[in-house]
Amino acid sequence: MLTLDPKDLKTAQVHQYLLHAIAPRPIAFASTIDADGNVNVSPFSFFNVFSANPPVVIFSPARSGRTGQTKNTLDNVRVVPEVVINIVNYDLVQQVSLASTEYPKGVNEFVKAGLTEEPSLKVKPPRVKESPVQLECVVKDIVELGTQGGAGNLVIAEVVMIHVSENILDPETNMIDQHKIDVVGRLGGDWYSRNSGASLFKVAKPLTTIGIGVDQLPAYIRNSKVLTGNHLGQLGNVERLPDEEAVLHYRNSGAINEAFEMYGQHREKLEEHLHHIAARLLDEGNVNEAWLVLMATH
């Protein structure tokens, strides 16, 4: 493994290692305004949500790695402590990239990127009309992390108004449909990720239950040459193992008769084959049946 001390590297090298490794990152397309009313909109991928009550987001306009100068966005929120965080989806990504150009102060990136200014309700900076979600925010604090090139500045902003396009809502729940919003994430270099289609998957959260844990899995499962760490994590997230009656019923249902017919006389091969079946079921999210398959010979 390559082991690096950031103090031995140039800032640009540290920047690249971090941005390629910590990815994908959500993008805050931040619109701000200066004391003279000049509008600015610029993307920042050092960004996330940190609280729901109060609703707080934080983004970090870092100093230029080349010149050490602060970004117009940071200068603006220091004099007018308000910002709109516009969420970036795939339909916006090229215009957002264009808006990241370091235009001189006073140049309106809305105009340069062909975006539409939409008046906000509680803050002065306009919203990006094309964005699927727009968060009007009041800046509560700015934490300066350094004065050298590459140093971040944490802009801590409280969300005071949320705007959500009806086009991305689930009609039954009226909540955001993760498939419809089609958000993008920032990676290192010129790379982005698109969070839609086959790239989306679910992982059950152990919020109301306590999983048995990987350490409690039977040794023949825990030491499987077929099942991956992800598979073991899924299996360890159940509250209890299937009882003997359920396993026997499944074994007699005929679901895995073919496996026993092919490898019934070769226990090692049978177990490996069943582990492959279980792996496929786990990949499909069918944890309960995977457990029944795995326990069919024990």
# chains A, B, ... in the order shown; residues from 1 in each chain; ligands from 1
>>> select_by_dssp(residues="region 121-204 of chain A", states="strand (DSSP E)", output="count of residues only")
32
>>> select_by_dssp(residues="region 63-238 of chain A", states="alpha helix (DSSP H)", output="PyMOL selection string")
chain A and resi 72-79+93-99+109-113+178-181+219-222+229-235
>>> residues_around(residues="Gln178 (chain A)", least_positions_apart="6", cutoff="12 Å", atoms="only C-alpha atoms", output="PDB file with C-alpha atoms, in the first residue's frame")
ATOM      1  CA  ASN A  89     -28.735  17.009 -11.737  1.00  0.00           C
ATOM      2  CA  PRO A 132     -34.649  20.479  -9.319  1.00  0.00           C
ATOM      3  CA  ASN A 167     -41.348  16.715 -11.712  1.00  0.00           C
ATOM      4  CA  ILE A 168     -39.092  14.792  -9.339  1.00  0.00           C
ATOM      5  CA  LEU A 169     -41.734  13.839  -6.739  1.00  0.00           C
ATOM      6  CA  ASP A 170     -43.149  10.389  -6.113  1.00  0.00           C
ATOM      7  CA  VAL A 184     -24.712  13.941 -10.312  1.00  0.00           C
ATOM      8  CA  ARG A 194     -24.603  10.016 -12.579  1.00  0.00           C
ATOM      9  CA  ASN A 195     -26.807   8.610  -9.844  1.00  0.00           C
ATOM     10  CA  SER A 196     -29.614   6.991 -11.782  1.00  0.00           C
ATOM     11  CA  GLY A 197     -30.648   3.754 -13.431  1.00  0.00           C
ATOM     12  CA  SER A 199     -26.133   2.764 -10.509  1.00  0.00           C
ATOM     13  CA  LEU A 200     -28.816   3.067  -7.820  1.00  0.00           C
ATOM     14  CA  PHE A 201     -29.197   0.283  -5.287  1.00  0.00           C
ATOM     15  CA  LYS A 202     -30.647  -0.117  -1.824  1.00  0.00           C
TER      16      LYS A 202
END
>>> closest_residue(among="A:Ile162, A:Ala35, A:Leu19, A:Val107", to="Val133 (chain A)", atoms="only C-alpha atoms")
A:Ile162
>>> residues_around(residues="Thr67 (chain A)", least_positions_apart="5", cutoff="12 Å", atoms="only C-alpha atoms", output="count of residues only")
6
>>> decode(residues="region 19-32 of chain A", atoms="all heavy atoms", output="PDB file, in the first residue's frame")
ATOM      1  N   LEU A  19      -9.484  14.186  -3.727  1.00  0.00           N
ATOM      2  CA  LEU A  19     -10.666  14.309  -4.581  1.00  0.00           C
ATOM      3  C   LEU A  19     -10.948  13.038  -5.361  1.00  0.00           C
ATOM      4  O   LEU A  19     -12.104  12.750  -5.673  1.00  0.00           O
ATOM      5  CB  LEU A  19     -10.530  15.499  -5.528  1.00  0.00           C
ATOM      6  CG  LEU A  19     -11.131  16.803  -4.991  1.00  0.00           C
ATOM      7  CD1 LEU A  19     -10.410  17.247  -3.724  1.00  0.00           C
ATOM      8  CD2 LEU A  19     -11.091  17.903  -6.021  1.00  0.00           C
ATOM      9  N   HIS A  20      -9.915  12.295  -5.703  1.00  0.00           N
ATOM     10  CA  HIS A  20     -10.147  11.025  -6.386  1.00  0.00           C
ATOM     11  C   HIS A  20     -10.646   9.957  -5.425  1.00  0.00           C
ATOM     12  O   HIS A  20     -11.392   9.050  -5.817  1.00  0.00           O
ATOM     13  CB  HIS A  20      -8.865  10.538  -7.071  1.00  0.00           C
ATOM     14  CG  HIS A  20      -8.571  11.220  -8.372  1.00  0.00           C
ATOM     15  ND1 HIS A  20      -8.047  12.493  -8.440  1.00  0.00           N
ATOM     16  CD2 HIS A  20      -8.746  10.816  -9.655  1.00  0.00           C
ATOM     17  CE1 HIS A  20      -7.894  12.836  -9.712  1.00  0.00           C
ATOM     18  NE2 HIS A  20      -8.305  11.836 -10.466  1.00  0.00           N
ATOM     19  N   ALA A  21     -10.231  10.043  -4.163  1.00  0.00           N
ATOM     20  CA  ALA A  21     -10.598   9.019  -3.191  1.00  0.00           C
ATOM     21  C   ALA A  21     -11.950   9.290  -2.533  1.00  0.00           C
ATOM     22  O   ALA A  21     -12.744   8.374  -2.334  1.00  0.00           O
ATOM     23  CB  ALA A  21      -9.527   8.912  -2.114  1.00  0.00           C
ATOM     24  N   ILE A  22     -12.205  10.547  -2.193  1.00  0.00           N
ATOM     25  CA  ILE A  22     -13.448  10.898  -1.498  1.00  0.00           C
ATOM     26  C   ILE A  22     -14.466  11.309  -2.554  1.00  0.00           C
ATOM     27  O   ILE A  22     -14.620  12.484  -2.896  1.00  0.00           O
ATOM     28  CB  ILE A  22     -13.208  12.015  -0.473  1.00  0.00           C
ATOM     29  CG1 ILE A  22     -12.119  11.568   0.512  1.00  0.00           C
ATOM     30  CG2 ILE A  22     -14.495  12.347   0.278  1.00  0.00           C
ATOM     31  CD1 ILE A  22     -11.670  12.644   1.471  1.00  0.00           C
ATOM     32  N   ALA A  23     -15.146  10.329  -3.091  1.00  0.00           N
ATOM     33  CA  ALA A  23     -16.024  10.564  -4.229  1.00  0.00           C
ATOM     34  C   ALA A  23     -17.057   9.440  -4.310  1.00  0.00           C
ATOM     35  O   ALA A  23     -16.795   8.326  -3.840  1.00  0.00           O
ATOM     36  CB  ALA A  23     -15.196  10.611  -5.521  1.00  0.00           C
ATOM     37  N   PRO A  24     -18.226   9.701  -4.881  1.00  0.00           N
ATOM     38  CA  PRO A  24     -18.658  10.983  -5.431  1.00  0.00           C
ATOM     39  C   PRO A  24     -19.075  11.964  -4.337  1.00  0.00           C
ATOM     40  O   PRO A  24     -19.483  11.551  -3.256  1.00  0.00           O
ATOM     41  CB  PRO A  24     -19.856  10.604  -6.296  1.00  0.00           C
ATOM     42  CG  PRO A  24     -20.417   9.393  -5.633  1.00  0.00           C
ATOM     43  CD  PRO A  24     -19.240   8.646  -5.085  1.00  0.00           C
ATOM     44  N   ARG A  25     -18.951  13.242  -4.646  1.00  0.00           N
ATOM     45  CA  ARG A  25     -19.332  14.293  -3.717  1.00  0.00           C
ATOM     46  C   ARG A  25     -20.509  15.075  -4.299  1.00  0.00           C
ATOM     47  O   ARG A  25     -20.499  15.417  -5.482  1.00  0.00           O
ATOM     48  CB  ARG A  25     -18.152  15.248  -3.474  1.00  0.00           C
ATOM     49  CG  ARG A  25     -16.904  14.561  -2.931  1.00  0.00           C
ATOM     50  CD  ARG A  25     -15.755  15.558  -2.725  1.00  0.00           C
ATOM     51  NE  ARG A  25     -15.439  16.289  -3.938  1.00  0.00           N
ATOM     52  CZ  ARG A  25     -14.726  15.795  -4.950  1.00  0.00           C
ATOM     53  NH1 ARG A  25     -14.267  14.551  -4.901  1.00  0.00           N
ATOM     54  NH2 ARG A  25     -14.476  16.524  -6.009  1.00  0.00           N
ATOM     55  N   PRO A  26     -21.524  15.387  -3.485  1.00  0.00           N
ATOM     56  CA  PRO A  26     -22.626  16.202  -3.992  1.00  0.00           C
ATOM     57  C   PRO A  26     -22.119  17.595  -4.339  1.00  0.00           C
ATOM     58  O   PRO A  26     -21.064  18.023  -3.851  1.00  0.00           O
ATOM     59  CB  PRO A  26     -23.616  16.238  -2.828  1.00  0.00           C
ATOM     60  CG  PRO A  26     -22.769  15.996  -1.614  1.00  0.00           C
ATOM     61  CD  PRO A  26     -21.677  15.061  -2.065  1.00  0.00           C
ATOM     62  N   ILE A  27     -22.834  18.275  -5.182  1.00  0.00           N
ATOM     63  CA  ILE A  27     -22.402  19.591  -5.663  1.00  0.00           C
ATOM     64  C   ILE A  27     -23.363  20.673  -5.194  1.00  0.00           C
ATOM     65  O   ILE A  27     -24.570  20.590  -5.436  1.00  0.00           O
ATOM     66  CB  ILE A  27     -22.323  19.616  -7.203  1.00  0.00           C
ATOM     67  CG1 ILE A  27     -21.382  18.517  -7.704  1.00  0.00           C
ATOM     68  CG2 ILE A  27     -21.852  20.983  -7.694  1.00  0.00           C
ATOM     69  CD1 ILE A  27     -21.435  18.313  -9.210  1.00  0.00           C
ATOM     70  N   ALA A  28     -22.813  21.659  -4.513  1.00  0.00           N
ATOM     71  CA  ALA A  28     -23.589  22.838  -4.132  1.00  0.00           C
ATOM     72  C   ALA A  28     -23.388  23.898  -5.205  1.00  0.00           C
ATOM     73  O   ALA A  28     -22.290  24.443  -5.345  1.00  0.00           O
ATOM     74  CB  ALA A  28     -23.129  23.375  -2.782  1.00  0.00           C
ATOM     75  N   PHE A  29     -24.415  24.151  -5.978  1.00  0.00           N
ATOM     76  CA  PHE A  29     -24.365  25.219  -6.986  1.00  0.00           C
ATOM     77  C   PHE A  29     -24.869  26.466  -6.272  1.00  0.00           C
ATOM     78  O   PHE A  29     -26.063  26.698  -6.160  1.00  0.00           O
ATOM     79  CB  PHE A  29     -25.240  24.841  -8.170  1.00  0.00           C
ATOM     80  CG  PHE A  29     -24.960  25.620  -9.426  1.00  0.00           C
ATOM     81  CD1 PHE A  29     -23.712  26.146  -9.688  1.00  0.00           C
ATOM     82  CD2 PHE A  29     -25.966  25.801 -10.375  1.00  0.00           C
ATOM     83  CE1 PHE A  29     -23.454  26.850 -10.858  1.00  0.00           C
ATOM     84  CE2 PHE A  29     -25.720  26.492 -11.549  1.00  0.00           C
ATOM     85  CZ  PHE A  29     -24.463  27.022 -11.787  1.00  0.00           C
ATOM     86  N   ALA A  30     -23.915  27.247  -5.737  1.00  0.00           N
ATOM     87  CA  ALA A  30     -24.235  28.315  -4.800  1.00  0.00           C
ATOM     88  C   ALA A  30     -24.408  29.660  -5.491  1.00  0.00           C
ATOM     89  O   ALA A  30     -23.485  30.155  -6.142  1.00  0.00           O
ATOM     90  CB  ALA A  30     -23.135  28.409  -3.751  1.00  0.00           C
ATOM     91  N   SER A  31     -25.590  30.248  -5.337  1.00  0.00           N
ATOM     92  CA  SER A  31     -25.819  31.587  -5.861  1.00  0.00           C
ATOM     93  C   SER A  31     -25.761  32.590  -4.713  1.00  0.00           C
ATOM     94  O   SER A  31     -26.362  32.383  -3.655  1.00  0.00           O
ATOM     95  CB  SER A  31     -27.148  31.682  -6.608  1.00  0.00           C
ATOM     96  OG  SER A  31     -28.212  31.132  -5.874  1.00  0.00           O
ATOM     97  N   THR A  32     -24.984  33.650  -4.944  1.00  0.00           N
ATOM     98  CA  THR A  32     -24.769  34.677  -3.919  1.00  0.00           C
ATOM     99  C   THR A  32     -24.891  36.054  -4.564  1.00  0.00           C
ATOM    100  O   THR A  32     -25.033  36.184  -5.784  1.00  0.00           O
ATOM    101  CB  THR A  32     -23.380  34.527  -3.277  1.00  0.00           C
ATOM    102  OG1 THR A  32     -22.372  34.598  -4.315  1.00  0.00           O
ATOM    103  CG2 THR A  32     -23.258  33.203  -2.545  1.00  0.00           C
TER     104      THR A  32
END
